[in-house]
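Engineer: The structure's right below; bear with me while I get my questions together.
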Amino acid sequence: MTKRYQRDNQKVTKAQLRLLGARLVTRHKSFYVYMIFGFLAALINIVAFMVFHNWWKIPLIYANTIAFVISNLASFFFNKHGVFIDNVDETHSTLYQLGLFFVYRILSIIPDNLIMLVGLSWLHWNTLFVKIIDQIVVGIFNYLTTKSIFLNTSNKFAEKFKKHFGKKNS
């Protein structure tokens, strides 16, 4: 006997729920994989920042920016080779994608540095706590922009970038 769930006088079986769940997982697979690799990139960012700022005593903004560059190079590699592997944009070179990736990511370093500055310098919160909050907020923004770089989708900003920097077919 199958257990049934009732909602608005409609009966849904466990099999229907499993099918719906499978469809959701398939539909949002790149988001789930991005979460895993995004966690790794955030971990790289946090560790690099802690080493530069807490151990080597590099000033806040410089340490955060260096950690940003290191973790975003890793993130580019993760996204290109592990996350966005279906419906891939193969018309643009890796150098083009890296350039566009960093154009978007440069937009995210502004809130990244602001969160760190406010959290550490003004509010005097714990460094690790602020960096974790920072990585969550910036990570959400980065997912929304990153998928448009690697997937074969329409993007007005990317089109303008392509016109300005050219297109390489290899």
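For the structure tokens, the naming scheme is as follows: chains receive sequential letters (A, B, ...) according to their order of presentation, residues are indexed from 1 within each chain, and ligands are indexed from 1 in presentation order.
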A:Asn142: which residues within 9 Å, counting only C-alpha atoms, same-chain residues fewer than 4 positions away excluded, as a list in words?

Structural biologist: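 Everything that qualifies: Tyr104, Arg105, Ser108, Val137, Val138, Thr146 and Lys147 of chain A.
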
Engineer: Include all heavy atoms and write out the residues we just selected as a compact mmCIF listing (two decimals), in the first residue's frame.

Structural biologist:
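New file selection_31.txt:
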```txt
# COMPACT_ATOMS: atom_id res chain seq x y z
N TYR A 104 33.12 40.33 -14.21
CA TYR A 104 32.00 40.14 -13.27
C TYR A 104 32.49 40.08 -11.83
O TYR A 104 31.88 40.66 -10.94
CB TYR A 104 31.24 38.85 -13.59
CG TYR A 104 30.27 38.96 -14.73
CD1 TYR A 104 30.26 38.01 -15.74
CD2 TYR A 104 29.36 40.00 -14.80
CE1 TYR A 104 29.35 38.09 -16.79
CE2 TYR A 104 28.45 40.08 -15.85
CZ TYR A 104 28.45 39.12 -16.83
OH TYR A 104 27.56 39.20 -17.86
N ARG A 105 33.55 39.36 -11.61
CA ARG A 105 34.05 39.20 -10.25
C ARG A 105 34.60 40.50 -9.67
O ARG A 105 34.53 40.70 -8.47
CB ARG A 105 35.10 38.09 -10.19
CG ARG A 105 34.55 36.70 -10.46
CD ARG A 105 33.54 36.31 -9.40
NE ARG A 105 32.82 35.10 -9.72
CZ ARG A 105 33.07 33.90 -9.19
NH1 ARG A 105 34.06 33.74 -8.36
NH2 ARG A 105 32.33 32.87 -9.53
N SER A 108 32.11 42.08 -7.76
CA SER A 108 31.84 41.49 -6.45
C SER A 108 32.90 41.83 -5.41
O SER A 108 32.67 41.64 -4.22
CB SER A 108 31.68 39.97 -6.55
OG SER A 108 32.89 39.34 -6.81
N VAL A 137 27.39 35.94 1.09
CA VAL A 137 26.75 37.03 0.34
C VAL A 137 27.35 37.14 -1.07
O VAL A 137 26.63 37.19 -2.07
CB VAL A 137 26.86 38.37 1.10
CG1 VAL A 137 26.40 39.52 0.24
CG2 VAL A 137 26.08 38.31 2.40
N VAL A 138 28.66 37.17 -1.14
CA VAL A 138 29.34 37.32 -2.43
C VAL A 138 29.14 36.06 -3.28
O VAL A 138 28.99 36.15 -4.50
CB VAL A 138 30.84 37.64 -2.21
CG1 VAL A 138 31.61 37.59 -3.51
CG2 VAL A 138 30.98 39.01 -1.57
N THR A 146 28.17 34.03 -12.82
CA THR A 146 29.08 33.05 -13.40
C THR A 146 28.42 32.13 -14.40
O THR A 146 29.01 31.81 -15.43
CB THR A 146 29.74 32.22 -12.28
OG1 THR A 146 30.44 33.10 -11.41
CG2 THR A 146 30.71 31.21 -12.85
N LYS A 147 27.20 31.71 -14.14
CA LYS A 147 26.58 30.75 -15.06
C LYS A 147 26.39 31.36 -16.44
O LYS A 147 26.41 30.65 -17.43
CB LYS A 147 25.28 30.20 -14.49
CG LYS A 147 24.13 31.14 -14.45
CD LYS A 147 22.93 30.41 -13.88
CE LYS A 147 21.67 31.20 -14.10
NZ LYS A 147 20.50 30.45 -13.71
```

Engineer: Tell me which protein, DNA and RNA residues are within 12 Å of A:Val130, counting only C-alpha atoms, leaving out same-chain ones fewer than 3 positions away, and put them as a ChimeraX atom specification.

Structural biologist: /A:46,49-50,64,112-127,133-137

Engineer: From the list A:Thr145, A:Thr91, A:Gln10, A:Ser75, which residue is nearest A:Ile36 when using only C-alpha atoms?

Structural biologist: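 The answer is A:Ser75, which sits nearest to A:Ile36.
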
Engineer: Could you tell me how far atom CA of A:Leu60 lies from atom CA of A:Gly139, in Å and to one decimal?

Structural biologist: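 Computed distance, atom CA of A:Leu60 to atom CA of A:Gly139, equals 19.7 Å.
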
Engineer: What does the distance between atom CA of A:Phe141 and atom CA of A:Ile70 come to in Å, to one decimal place?

Structural biologist: 18.1 Å

Engineer: Between A:Phe39, A:Tyr34, A:Trp55, A:Tyr143, which residue has the minimum interatomic distance to A:Gly82, considering only C-alpha atoms?

Structural biologist: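 Closest candidate: A:Tyr34.
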
Engineer: Enumerate as a PyMOL selection string all residues of stretch 23-137 of chain A assigned to helix (DSSP H, G or I) by DSSP on the backbone, naming them with the chain letters and numbers the document uses.

Structural biologist: chain A and resi 23-27+29-55+60-83+94-122+127-137

Engineer: Could you check the closest approach to A:Asn72 for each of A:Ile109, A:Val51, A:Pro59, A:His92 and tell me which residue wins, using only C-alpha atoms?

Structural biologist: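 Among A:Ile109, A:Val51, A:Pro59, A:His92, it is A:Ile109 that comes nearest to A:Asn72.
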
Engineer: If you measure from atom CA of A:Glu90 to atom CA of A:Leu107, what distance in Å do you get, rounded to one decimal?

Structural biologist: 24.6 Å
